[in-house]
Each structure stands twice: as structure tokens, then as C-alpha cells.
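Listing of entry.cif; format and content: mmCIF, C-alpha atoms and all ligand atoms.
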data_start
#
loop_
_atom_site.label_atom_id
_atom_site.label_comp_id
_atom_site.auth_asym_id
_atom_site.auth_seq_id
_atom_site.Cartn_x
_atom_site.Cartn_y
_atom_site.Cartn_z
CA MET A 23 8.49 26.87 9.35
CA ARG A 24 6.25 24.76 7.11
CA ASP A 25 2.46 24.80 7.14
CA VAL A 26 2.12 21.02 6.81
CA ILE A 27 4.44 18.02 6.98
CA ILE A 28 3.11 14.73 5.61
CA ILE A 29 4.88 11.60 6.87
CA GLY A 30 4.55 8.65 4.48
CA GLY A 31 4.19 8.64 0.69
CA GLY A 32 1.74 5.75 0.19
CA LEU A 33 -1.73 6.27 -1.29
CA SER A 34 -2.99 8.01 1.89
CA GLY A 35 -0.12 10.52 2.10
CA LEU A 36 -0.17 11.18 -1.66
CA ALA A 37 -3.92 11.87 -1.64
CA ALA A 38 -3.39 14.36 1.20
CA ALA A 39 -0.54 16.04 -0.70
CA VAL A 40 -2.55 16.45 -3.92
CA GLU A 41 -5.48 17.94 -2.00
CA LEU A 42 -3.12 20.40 -0.28
CA ASP A 43 -1.88 21.38 -3.74
CA ASN A 44 -5.51 21.94 -4.79
CA LEU A 45 -5.96 24.15 -1.72
CA ARG A 46 -2.68 25.99 -2.47
CA ILE A 47 -1.17 25.08 0.88
CA ALA A 48 2.59 24.43 1.01
CA TYR A 49 3.76 21.12 2.45
CA THR A 50 6.76 18.83 2.74
CA LEU A 51 6.24 15.11 2.24
CA VAL A 52 8.78 12.89 4.02
CA GLU A 53 9.11 9.29 2.83
CA VAL A 54 11.61 6.74 4.12
CA LYS A 55 11.95 4.84 0.84
CA ALA A 56 13.49 5.99 -2.43
CA ARG A 57 10.14 5.73 -4.21
CA LEU A 58 6.61 6.96 -3.58
CA GLY A 59 3.58 4.66 -3.60
CA GLY A 60 4.08 2.65 -0.39
CA SER A 61 2.51 -0.79 -0.61
CA ILE A 62 1.46 -0.21 -4.22
CA SER A 63 4.01 -1.08 -6.90
CA SER A 64 3.90 -2.58 -10.39
CA ARG A 65 6.55 -3.78 -12.81
CA GLN A 66 6.54 -4.30 -16.59
CA GLN A 67 8.56 -7.06 -18.18
CA ASP A 68 8.34 -8.67 -21.65
CA GLY A 69 4.73 -7.58 -22.14
CA PHE A 70 3.55 -8.65 -18.65
CA ILE A 71 2.47 -6.10 -16.02
CA MET A 72 2.86 -7.55 -12.52
CA ASP A 73 1.72 -6.09 -9.19
CA GLY A 74 4.11 -6.37 -6.26
CA GLY A 75 1.51 -5.31 -3.68
CA ALA A 76 -2.20 -4.52 -3.89
CA SER A 77 -3.61 -6.07 -7.05
CA VAL A 78 -7.26 -7.14 -7.06
CA PHE A 79 -10.16 -5.19 -5.59
CA PRO A 80 -13.88 -5.53 -5.00
CA ALA A 81 -15.85 -4.33 -8.04
CA ALA A 82 -18.49 -2.93 -5.69
CA ALA A 83 -16.01 -0.53 -3.99
CA ASP A 84 -16.40 3.21 -4.53
CA TRP A 85 -14.28 4.04 -7.59
CA SER A 86 -15.75 7.50 -8.15
CA PHE A 87 -12.42 9.16 -7.30
CA LEU A 88 -10.64 7.74 -10.37
CA PRO A 89 -11.94 10.13 -13.08
CA GLU A 90 -10.60 13.23 -11.28
CA LEU A 91 -7.16 11.63 -11.55
CA GLY A 92 -7.56 11.07 -15.28
CA LEU A 93 -8.16 7.34 -14.73
CA ASN A 94 -11.62 7.09 -16.34
CA ASP A 95 -11.17 3.71 -17.94
CA ALA A 96 -8.39 2.31 -15.76
CA LEU A 97 -10.04 -0.90 -14.48
CA PHE A 98 -11.02 -4.20 -16.04
CA GLU A 99 -13.32 -6.87 -14.63
CA LEU A 100 -11.63 -10.04 -13.47
CA ASP A 101 -15.06 -11.53 -12.84
CA SER A 102 -18.42 -10.21 -11.67
CA ARG A 103 -17.05 -9.41 -8.18
CA ARG A 104 -13.48 -8.24 -8.76
CA VAL A 105 -11.53 -5.65 -10.74
CA ALA A 106 -7.86 -4.85 -11.37
CA PHE A 107 -5.96 -1.98 -13.00
CA LYS A 108 -5.25 -2.37 -16.71
CA ASP A 109 -1.78 -0.82 -16.33
CA GLY A 110 -1.07 -2.27 -12.86
CA THR A 111 -2.16 -0.72 -9.56
CA GLN A 112 0.79 1.67 -9.64
CA ALA A 113 -1.09 3.61 -12.35
CA LEU A 114 -3.08 5.03 -9.44
CA THR A 115 -0.15 6.27 -7.33
CA ASP A 116 1.71 7.42 -10.47
CA ALA A 117 -1.30 9.61 -11.36
CA LEU A 118 -1.05 11.22 -7.92
CA VAL A 119 2.76 11.58 -8.03
CA ARG A 120 2.53 13.37 -11.41
CA ARG A 121 0.32 16.03 -9.78
CA LEU A 122 2.58 16.78 -6.80
CA LYS A 123 3.88 20.35 -6.50
CA GLY A 124 5.18 20.38 -2.91
CA ASP A 125 8.60 19.59 -1.43
CA LEU A 126 9.54 15.92 -1.35
CA MET A 127 12.11 14.42 0.99
CA LEU A 128 12.77 10.80 -0.01
CA ARG A 129 15.03 8.31 1.84
CA MET A 130 14.32 10.20 5.06
CA ALA A 131 13.03 8.22 8.05
CA VAL A 132 11.04 10.04 10.71
CA SER A 133 12.10 8.76 14.13
CA SER A 134 10.07 10.88 16.56
CA LEU A 135 7.60 13.72 16.90
CA GLY A 136 7.58 16.50 19.46
CA ARG A 137 6.64 20.08 20.19
CA SER A 138 8.70 23.17 19.45
CA GLY A 139 6.80 26.08 20.95
CA GLU A 140 3.45 26.34 19.16
CA SER A 141 4.56 24.12 16.30
CA TYR A 142 5.35 20.45 15.79
CA ALA A 143 8.90 19.11 15.55
CA VAL A 144 9.62 16.17 13.26
CA CYS A 145 12.94 14.46 14.03
CA LEU A 146 14.59 12.45 11.29
CA GLU A 147 16.90 9.52 11.83
CA ASN A 148 19.79 11.48 10.28
CA GLY A 149 19.53 14.06 13.10
CA LEU A 150 17.72 16.73 11.06
CA MET A 151 14.71 18.42 12.67
CA LEU A 152 11.84 19.98 10.69
CA THR A 153 9.06 22.13 12.12
CA ALA A 154 5.50 22.63 10.93
CA ARG A 155 2.24 24.12 12.14
CA THR A 156 0.35 20.90 11.30
CA LEU A 157 1.19 17.23 10.73
CA ILE A 158 -0.39 14.44 8.71
CA VAL A 159 1.02 11.08 9.79
CA ALA A 160 0.32 8.57 6.99
CA ALA A 161 2.67 5.78 8.11
CA PRO A 162 1.68 2.26 9.24
CA ALA A 163 0.84 1.69 12.91
CA ARG A 164 4.08 -0.03 13.81
CA TYR A 165 6.14 2.99 12.74
CA ALA A 166 3.67 5.61 13.92
CA GLY A 167 3.77 3.92 17.36
CA HIS A 168 7.49 4.73 17.62
CA MET A 169 7.06 8.28 16.35
CA PHE A 170 4.42 9.15 18.98
CA ARG A 171 6.48 7.97 22.00
CA THR A 172 7.37 11.40 23.30
CA LEU A 173 4.58 13.51 21.80
CA GLN A 174 1.61 11.41 22.95
CA PRO A 175 2.60 8.17 24.77
CA ASP A 176 -1.03 6.99 25.05
CA ILE A 177 -1.25 6.76 21.27
CA SER A 178 2.12 5.08 21.15
CA LEU A 179 1.05 2.40 23.66
CA ARG A 180 -2.13 1.66 21.76
CA LEU A 181 -0.21 1.18 18.51
CA TRP A 182 2.73 -0.71 20.01
CA ASP A 183 1.22 -4.20 19.82
CA TYR A 184 -0.42 -3.77 16.47
CA GLY A 185 0.20 -7.11 14.69
CA TYR A 186 0.50 -8.08 11.05
CA ASP A 187 0.48 -11.22 8.97
CA THR A 188 3.41 -11.46 6.60
CA ILE A 189 2.95 -12.43 2.98
CA THR A 190 5.22 -13.27 0.09
CA ARG A 191 3.63 -12.43 -3.24
CA VAL A 192 4.76 -14.35 -6.30
CA SER A 193 3.90 -13.08 -9.80
CA LEU A 194 4.55 -15.55 -12.61
CA GLY A 195 3.98 -15.10 -16.35
CA PHE A 196 3.55 -18.18 -18.54
CA ARG A 197 2.59 -19.20 -22.01
CA ARG A 198 -0.98 -20.43 -21.54
CA ALA A 199 -0.25 -23.83 -23.06
CA ASP A 200 2.54 -24.48 -20.54
CA VAL A 201 0.30 -24.45 -17.44
CA PRO A 202 -2.75 -26.63 -17.97
CA LEU A 203 -5.06 -27.37 -15.03
CA ILE A 204 -2.94 -25.53 -12.50
CA GLU A 205 -5.73 -23.74 -10.68
CA ARG A 206 -7.21 -26.81 -8.94
CA ARG A 207 -3.76 -27.87 -7.68
CA ILE A 208 -3.14 -24.36 -6.30
CA TRP A 209 -6.33 -24.50 -4.25
CA ASP A 210 -5.37 -28.01 -3.02
CA MET A 211 -2.16 -26.49 -1.58
CA GLY A 212 -4.19 -24.11 0.61
CA LEU A 213 -2.33 -20.98 -0.50
CA PRO A 214 -3.86 -17.77 0.87
CA PHE A 215 -4.74 -16.38 -2.55
CA PHE A 216 -4.41 -17.04 -6.23
CA TYR A 217 -5.47 -14.72 -9.07
CA GLU A 218 -5.07 -15.37 -12.75
CA LEU A 219 -4.99 -12.29 -15.00
CA GLU A 220 -5.40 -12.76 -18.72
CA HIS A 221 -6.51 -9.30 -19.78
CA PRO A 222 -4.68 -8.21 -22.96
CA SER A 223 -3.46 -5.05 -21.22
CA ARG A 224 -1.60 -7.19 -18.66
CA VAL A 225 -0.21 -10.13 -20.69
CA PRO A 226 1.07 -10.79 -24.22
CA PRO A 227 -1.10 -12.93 -26.56
CA GLU A 228 -1.53 -16.62 -25.61
CA SER A 229 -0.17 -15.91 -22.12
CA THR A 230 -1.37 -15.81 -18.55
CA LEU A 231 -0.24 -14.17 -15.33
CA PHE A 232 -0.54 -15.75 -11.89
CA HIS A 233 -0.44 -13.80 -8.64
CA ILE A 234 0.06 -16.24 -5.77
CA GLY A 235 0.24 -15.53 -2.04
CA VAL A 236 2.58 -17.64 0.10
CA ARG A 237 2.74 -17.34 3.89
CA TYR A 238 6.35 -18.56 3.97
CA PRO A 239 8.65 -15.63 4.91
CA LEU A 240 10.99 -14.80 2.04
CA PRO A 241 14.02 -14.11 4.30
CA ARG A 242 14.11 -17.87 5.04
CA THR A 243 14.51 -18.72 1.37
CA THR A 244 15.30 -17.01 -1.95
CA PRO A 245 12.98 -15.99 -4.80
CA GLU A 246 14.60 -18.63 -7.03
CA ALA A 247 14.20 -21.42 -4.45
CA LEU A 248 10.59 -20.42 -3.76
CA ILE A 249 9.70 -20.48 -7.47
CA ALA A 250 11.48 -23.84 -7.87
CA THR A 251 9.44 -25.27 -4.95
CA LEU A 252 6.20 -24.01 -6.48
CA GLN A 253 7.20 -25.48 -9.83
CA THR A 254 7.80 -28.91 -8.23
CA GLU A 255 4.63 -28.83 -6.12
CA LEU A 256 2.42 -27.64 -8.95
CA GLU A 257 4.10 -29.80 -11.60
CA TRP A 258 4.68 -27.04 -14.15
CA PRO A 259 6.38 -28.62 -17.11
CA LYS A 260 8.33 -25.41 -17.83
CA PRO A 261 9.62 -22.52 -15.73
CA PRO A 262 7.80 -19.14 -15.98
CA LEU A 263 8.75 -16.62 -18.67
CA VAL A 264 8.83 -13.79 -16.12
CA SER A 265 8.63 -13.67 -12.33
CA TRP A 266 8.63 -11.16 -9.48
CA VAL A 267 8.70 -12.08 -5.80
CA THR A 268 7.95 -9.43 -3.16
CA TYR A 269 7.98 -9.88 0.59
CA TRP A 270 5.70 -7.86 2.91
CA PRO A 271 6.43 -8.33 6.62
CA GLU A 272 3.48 -6.03 7.40
CA ALA A 273 0.88 -6.98 4.82
CA ASP A 274 -2.40 -7.75 6.53
CA PRO A 275 -3.27 -5.99 9.79
CA ILE A 276 -4.18 -8.66 12.36
CA PRO A 277 -6.84 -6.64 14.17
CA PRO A 278 -9.79 -7.24 11.84
CA HIS A 279 -11.68 -4.12 10.83
CA THR A 280 -14.69 -4.95 13.04
CA ALA A 281 -17.04 -2.52 14.76
CA ALA A 282 -15.04 -2.90 18.01
CA PHE A 283 -11.78 -2.14 16.19
CA ARG A 284 -13.31 0.93 14.58
CA GLU A 285 -14.44 2.16 18.02
CA ASP A 286 -10.90 1.66 19.40
CA MET A 287 -9.48 3.62 16.49
CA ALA A 288 -12.04 6.40 16.91
CA ALA A 289 -10.99 6.64 20.59
CA LEU A 290 -7.34 6.77 19.53
CA MET A 291 -8.06 9.57 17.05
CA ARG A 292 -9.62 11.61 19.86
CA LEU A 293 -6.22 11.54 21.61
CA LEU A 294 -4.55 13.34 18.69
CA PRO A 295 -3.48 16.90 19.48
CA ASP A 296 -5.08 19.70 17.44
CA GLY A 297 -3.54 20.31 14.04
CA MET A 298 -2.65 16.67 13.52
CA ALA A 299 -4.16 13.76 11.55
CA LEU A 300 -3.32 10.05 11.56
CA ILE A 301 -4.40 8.24 8.39
CA GLY A 302 -3.73 4.92 6.64
CA SER A 303 -5.10 1.46 6.06
CA ASP A 304 -4.09 0.36 9.58
CA TYR A 305 -6.55 2.78 11.18
CA ASN A 306 -9.55 3.57 9.07
CA GLY A 307 -10.57 1.28 6.22
CA LEU A 308 -8.66 -0.93 3.85
CA GLY A 309 -10.13 0.01 0.46
CA LEU A 310 -8.29 2.28 -1.97
CA GLY A 311 -11.25 4.70 -2.17
CA GLU A 312 -11.25 4.94 1.63
CA ARG A 313 -7.50 5.66 1.62
CA PHE A 314 -7.95 8.39 -0.96
CA ALA A 315 -10.91 9.93 0.89
CA ALA A 316 -9.02 9.86 4.22
CA GLY A 317 -6.07 11.70 2.64
CA VAL A 318 -8.34 14.37 1.16
CA ALA A 319 -10.21 14.77 4.47
CA ALA A 320 -6.94 15.14 6.43
CA ALA A 321 -5.73 17.85 4.05
CA ARG A 322 -9.01 19.78 4.43
CA GLN A 323 -8.86 19.39 8.22
CA MET A 324 -5.34 20.89 8.27
CA ALA A 325 -6.46 23.71 5.96
CA ALA A 326 -9.29 24.56 8.37
CA PHE A 327 -6.87 24.50 11.32
CA LEU A 328 -4.40 26.80 9.55
CA ARG A 329 -7.17 29.30 8.79
C1 LIG A 401 1.12 -6.80 0.12
C2 LIG A 401 -0.14 -6.00 0.15
C3 LIG A 401 -1.18 -6.39 -0.67
C4 LIG A 401 -2.37 -5.66 -0.68
N1 LIG A 401 -3.36 -6.08 -1.49
C5 LIG A 401 -4.52 -5.40 -1.53
C6 LIG A 401 -5.53 -5.80 -2.40
O1 LIG A 401 -5.36 -6.77 -3.16
N2 LIG A 401 -6.71 -5.11 -2.38
C7 LIG A 401 -6.88 -4.01 -1.56
O2 LIG A 401 -7.96 -3.39 -1.54
N3 LIG A 401 -5.89 -3.57 -0.75
C8 LIG A 401 -4.73 -4.25 -0.70
N4 LIG A 401 -3.73 -3.83 0.11
C9 LIG A 401 -3.94 -2.63 0.93
C10 LIG A 401 -3.61 -1.35 0.16
O3 LIG A 401 -2.39 -1.51 -0.51
C11 LIG A 401 -3.53 -0.26 1.16
O4 LIG A 401 -4.85 0.02 1.65
C12 LIG A 401 -2.98 1.07 0.69
O5 LIG A 401 -2.07 0.97 -0.39
C13 LIG A 401 -2.32 1.65 1.91
O6 LIG A 401 -1.83 2.92 1.65
P1 LIG A 401 -1.26 3.77 2.86
O7 LIG A 401 -0.76 5.03 2.29
O8 LIG A 401 -2.28 3.87 3.93
O9 LIG A 401 -0.05 2.90 3.48
P2 LIG A 401 1.31 2.45 2.83
O10 LIG A 401 1.14 2.10 1.40
O11 LIG A 401 1.84 1.40 3.75
O12 LIG A 401 2.23 3.75 2.90
C14 LIG A 401 2.87 4.18 4.08
C15 LIG A 401 4.17 4.87 3.71
O13 LIG A 401 4.80 5.35 4.90
C16 LIG A 401 6.19 5.18 4.74
N5 LIG A 401 6.83 5.20 6.07
C17 LIG A 401 6.78 4.24 7.03
N6 LIG A 401 7.52 4.60 8.08
C18 LIG A 401 8.05 5.82 7.79
C19 LIG A 401 8.93 6.69 8.51
N7 LIG A 401 9.40 6.38 9.73
N8 LIG A 401 9.30 7.87 7.94
C20 LIG A 401 8.82 8.20 6.69
N9 LIG A 401 8.00 7.38 5.97
C21 LIG A 401 7.61 6.21 6.52
C22 LIG A 401 6.30 3.85 4.03
O14 LIG A 401 7.57 3.68 3.43
C23 LIG A 401 5.16 3.95 3.03
O15 LIG A 401 5.58 4.50 1.79
C24 LIG A 401 -2.53 -4.53 0.15
C25 LIG A 401 -1.47 -4.13 0.97
C26 LIG A 401 -0.29 -4.86 0.97
C27 LIG A 401 0.84 -4.43 1.86
#

Spell out the structure here as C-alpha cells.
Amino acid sequence: MRDVIIIGGGLSGLAAAVELDNLRIAYTLVEVKARLGGSISSRQQDGFIMDGGASVFPAAADWSFLPELGLNDALFELDSRRVAFKDGTQALTDALVRRLKGDLMLRMAVSSLGRSGESYAVCLENGLMLTARTLIVAAPARYAGHMFRTLQPDISLRLWDYGYDTITRVSLGFRRADVPLIERRIWDMGLPFFYELEHPSRVPPESTLFHIGVRYPLPRTTPEALIATLQTELEWPKPPLVSWVTYWPEADPIPPHTAAFREDMAALMRLLPDGMALIGSDYNGLGLGERFAAGVAAARQMAAFLR
């Protein structure tokens, strides 16, 4: 039997895993996808570094956790209020992944949680069952809601209706001279967000990188058609040099992180059985520093329980 099973290999689950390594506690991390990092991913192409998920962050956020990951000088200022990662946001999750020492089970979907005597049972979609003395669930609310159905139905019911806004993120790299005066037209279109990155670590000389949010669901179109529509609407004289389109059906949690929401989540956390933590941006804070801190705190909580 394992001491700890972590479900979900996004920033929250990875931070928990690295802290368990620091505490010399054995764990198994189960992740449904083939890669770790969750909603953080970056891609390099022809000198451009594009973010497929989280990209731009408040400068005033707590970044004090970066140096311990060897990321002392990892950010650049977009303007006085916002920062981004020089090597793409994935530099953060890559730094965590490099430190992992525990067992990793990728491409394994957890379907349900239960009890097996004094320990927890984690059932995978392929029929396998794992057992552990403690559990850290670091998966989004929609999936966690399913997992908790038999173990703690009250938690499941509270997570069942958790809603999300979808977003399609379009990254486009251009030669600077090919896209004059585009910014004003983008705001005229009412797109949910638009960032322009020109830092030399992210683009080749004389180039620029746009990150554009589109609320149109990608499954109803194709990346090529979406880029062609943007090109027509925004009157770009030339197509982009590089592009990357990513679709996130569960991007922005619809319950806003208000005081009432935080109280609801605190009440939900009190329903968790002993030896179990539920962490992630859907429950307790959206910022990257908060995700990291929640992962570390969950690992320490499990260590205390095991003692
Ligand atoms: C599109 C997008 C853009 C964002 N942009 C910003 C931004 O600009 N600024 C900012 O501050 N924040 C942003 N965020 C939020 C930020 O990315 C998150 O706070 C943080 O990355 C969440 O990490 P997490 O580990 O809590 O969740 P996730 O990254 O969602 O990780 C959860 C993991 O659980 C796995 N999982 C799910 N179900 C199962 C299952 N059944 N079995 C096993 N594994 C499972 C998933 O595959 C995933 O890897 C953005 C998020 C998204 C989605």
C-alpha cells in the first residue's frame, strides 16, 4: 500500500509531489494525460515561444516561490501591472517535473474513490485499483465531482454543477511590419483578451507575438478556419509566421472567487475525510503562487497525518 496518491499532475499536484519528495514520503502521482503540467503548456517554434494556457500574470502576485525552483530571473515585465515567463509558463511546471522522484502513472484516468479497510481505494478507468493511506485530489471540480460519488456524495453534489466558461486561445507570431495598428481593431471586436509579447526571449528580432482569446468553441470550426476569420476581420495583409490554437472547455470557473464562494469551499473542505486533501484553482485561489502554496500545504498535512 502507498503512503500517498496524488490525483492530477497540474501545478497543484506537482507542487504537492515535490514537497513530499522534500519530506522523503513515497507517493504515486496519477495523471490522465500523457504529459504533466495540466493547464500550463508552452511551445517553441521558429524562435517564438507561445503559451497554450496560462500566460500573463499580475506583477503584484507573490512570486517568492520561484527562486527555490531555480527560477530566480524567470519573469519579464509586460507593463507596470503584468508579467510573463521569459521561457513560457511551462518553465515553471518543467522545473517541478525535473525534481520529481516518486512513481508516475500517466494516461491513467481515476474514475472513483472509495474505502478499503483503513485505507483509500483509487479506481482507475482501466479497472485497476490502487490503495493508499492518504489522498491528495488535485483535479478540477468537474472530474473530482465524479470521483467523490461513492466516497462522499455530499462533496460530489456540491461539485456537480460547477460551471466553466470555454475559451479558445490563439497564439500568432508575425513580423512586426506586417501587422500595423492591429491592437485598436482587436479591442473593437470585443475579444475577451489580447496580449502582445515582444520580449526578445519570446520572439525573434523585428517580430511580435499575439495571444488572443476567442469565446467561439474550437470544435465548431478548425484552427485554420479560425485564423483565416481573424485575418479577414483584422485585415492582416499577410498570414502569421507561426500559430498555435488551443481549446479549453473548462478554462474559467464560473463561480467567481468571492467571499461567499470561499465560504462555500471552506464548508466543502470540512466534509473531507481525514487523510485527504482537495486542491486546485477551482477551489482555493487562482494565482500560481496560491496553487504552489496549496500543493505544499497539502503535502505537509498528509505528512502530519501519516505520523
Ligand atoms: C486556458 C487557461 C488560461 C489560464 N490563464 C491564466 C493566466 O493567464 N493567469 C493566471 O494567473 N492563471 C491562468 N490560468 C489558471 C492557471 O493555469 C491555474 O491556476 C493552474 O495552472 C491550475 O493548476 P491546477 O493544478 O490546480 O489544475 P490543472 O492545471 O487543471 O491540473 C489538473 C490536472 O488533473 C488532471 N486530471 C483531471 N481529471 C483527472 C482524472 N480523472 N484522473 C487523473 N488526472 C486527472 C488533468 O489532466 C490536469 O493535468 C489559466 C487556466 C487555463 C485553463

Review point. Which polymer residues have any atom within 9 Å of an atom of Phe79 of chain A, counting all atoms listed in the file, with same-chain residues fewer than 4 positions away left out, as a PyMOL selection string?
Key: chain A and resi 83+103-106+309-310

Exercise for review: Could you please extract the residues within 8 Å of ligand LIG 401 (chain A), counting only C-alpha atoms and all ligand atoms, and hand them back as an MDAnalysis selection string?
Suggested key: chainID A and resid 29:36 52:55 57:62 74:80 129:133 146 160:162 165:166 169 189:191 269:270 272:274 301:304 307:310 313

For a cutoff of 12 Å around the file-coordinate point (-14.2, -11.1, -15.9), which residues qualify once you count all atoms listed in the file? I'd like the result as a PDB file with C-alpha atoms, in the frame of the given file.
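Result file is selection-v3.pdb:
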ATOM      1  CA  VAL A  78      -7.260  -7.140  -7.060  1.00  0.00           C
ATOM      2  CA  ALA A  81     -15.850  -4.330  -8.040  1.00  0.00           C
ATOM      3  CA  LEU A  97     -10.040  -0.900 -14.480  1.00  0.00           C
ATOM      4  CA  PHE A  98     -11.020  -4.200 -16.040  1.00  0.00           C
ATOM      5  CA  GLU A  99     -13.320  -6.870 -14.630  1.00  0.00           C
ATOM      6  CA  LEU A 100     -11.630 -10.040 -13.470  1.00  0.00           C
ATOM      7  CA  ASP A 101     -15.060 -11.530 -12.840  1.00  0.00           C
ATOM      8  CA  SER A 102     -18.420 -10.210 -11.670  1.00  0.00           C
ATOM      9  CA  ARG A 103     -17.050  -9.410  -8.180  1.00  0.00           C
ATOM     10  CA  ARG A 104     -13.480  -8.240  -8.760  1.00  0.00           C
ATOM     11  CA  VAL A 105     -11.530  -5.650 -10.740  1.00  0.00           C
ATOM     12  CA  ALA A 106      -7.860  -4.850 -11.370  1.00  0.00           C
ATOM     13  CA  TYR A 217      -5.470 -14.720  -9.070  1.00  0.00           C
ATOM     14  CA  GLU A 218      -5.070 -15.370 -12.750  1.00  0.00           C
ATOM     15  CA  LEU A 219      -4.990 -12.290 -15.000  1.00  0.00           C
ATOM     16  CA  GLU A 220      -5.400 -12.760 -18.720  1.00  0.00           C
ATOM     17  CA  HIS A 221      -6.510  -9.300 -19.780  1.00  0.00           C
TER      18      HIS A 221
END

**Study point:** One-decimal distance in Å that lies between atom CA of Ile47 of chain A and atom CA of Leu293 of chain A
**Key:**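 Separating atom CA of Leu293 of chain A from atom CA of Ile47 of chain A is a distance of 25.3 Å.
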
Exercise for review: Find the residues around segment 231-237 of chain A up to 10 Å (all atoms listed in the file counted), leave out those fewer than 6 positions away in its own chain, and share them as a VMD selection string.
Suggested key: chain A and resid 70 to 74 77 to 78 187 to 198 205 208 212 to 221 224 to 225 248 252 262 to 270

Practice item. Point out the residue among A:Val119, A:Ile28, A:Leu290, A:Met211 with the least atom-to-atom distance to Glu255 of chain A, counting all atoms listed in the file. Key: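 Looking at the shortest contact to Glu255 of chain A, the residue is A:Met211.
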
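Counting all atoms listed in the file and comparing A:Val40, A:Ile249, A:Ala154, A:Ala319, the residue that lies closest to Ser138 of chain A is A:Ala154.
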
**Study point:** Spatial neighbours of Asn306 of chain A, max dist 10 Å, all atoms listed in the file, sep filter under 6 positions, as a ChimeraX atom specification
**Key:** /A:279,283-284,287-288,300,312-313,316

Exercise for review: Select, from A:Ser229, A:Thr111, A:Asn148, A:Asn94, the residue with the minimum atom-to-atom distance to Asp68 of chain A, counting only C-alpha atoms.
Suggested key: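 Ranking A:Ser229, A:Thr111, A:Asn148, A:Asn94 by distance to Asp68 of chain A, first place goes to A:Ser229.
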
Go ahead and find all residues with at least one atom no further than 12 Å from (-10.2, 10.5, -12.4) in the file's coordinates, using all atoms listed in the file; report them as a PDB file with C-alpha atoms, keeping the file's coordinate frame.
ATOM      1  CA  TRP A  85     -14.280   4.040  -7.590  1.00  0.00           C
ATOM      2  CA  SER A  86     -15.750   7.500  -8.150  1.00  0.00           C
ATOM      3  CA  PHE A  87     -12.420   9.160  -7.300  1.00  0.00           C
ATOM      4  CA  LEU A  88     -10.640   7.740 -10.370  1.00  0.00           C
ATOM      5  CA  PRO A  89     -11.940  10.130 -13.080  1.00  0.00           C
ATOM      6  CA  GLU A  90     -10.600  13.230 -11.280  1.00  0.00           C
ATOM      7  CA  LEU A  91      -7.160  11.630 -11.550  1.00  0.00           C
ATOM      8  CA  GLY A  92      -7.560  11.070 -15.280  1.00  0.00           C
ATOM      9  CA  LEU A  93      -8.160   7.340 -14.730  1.00  0.00           C
ATOM     10  CA  ASN A  94     -11.620   7.090 -16.340  1.00  0.00           C
ATOM     11  CA  ASP A  95     -11.170   3.710 -17.940  1.00  0.00           C
ATOM     12  CA  ALA A  96      -8.390   2.310 -15.760  1.00  0.00           C
ATOM     13  CA  LEU A  97     -10.040  -0.900 -14.480  1.00  0.00           C
ATOM     14  CA  ALA A 113      -1.090   3.610 -12.350  1.00  0.00           C
ATOM     15  CA  LEU A 114      -3.080   5.030  -9.440  1.00  0.00           C
ATOM     16  CA  ALA A 117      -1.300   9.610 -11.360  1.00  0.00           C
ATOM     17  CA  LEU A 118      -1.050  11.220  -7.920  1.00  0.00           C
ATOM     18  CA  GLY A 311     -11.250   4.700  -2.170  1.00  0.00           C
ATOM     19  CA  PHE A 314      -7.950   8.390  -0.960  1.00  0.00           C
TER      20      PHE A 314
END

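Of the listed residues A:Ala38, A:Thr153, A:Thr254, A:Ser223, the one whose atoms come nearest to Asp109 of chain A is A:Ser223, with distances taken using all atoms listed in the file.
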
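Interatomic distance, atom CA of Pro259 of chain A against atom CA of Glu228 of chain A: 16.7 Å.
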
Review point. Could you work out how far atom CA of Asp25 of chain A lies from atom CA of Gly136 of chain A, giving the answer in Å with one decimal?
Key: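 Going from atom CA of Gly136 of chain A over to atom CA of Asp25 of chain A covers 15.7 Å.
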
Practice item. Go through A:Glu246, A:Glu41, A:Asp200, A:Asp286 one by one, measure the shortest atom-to-atom distance of each to Ile177 of chain A using all atoms listed in the file, and give the residue with the smallest value. Key: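 Closest residue, counting all atoms listed in the file: A:Asp286.
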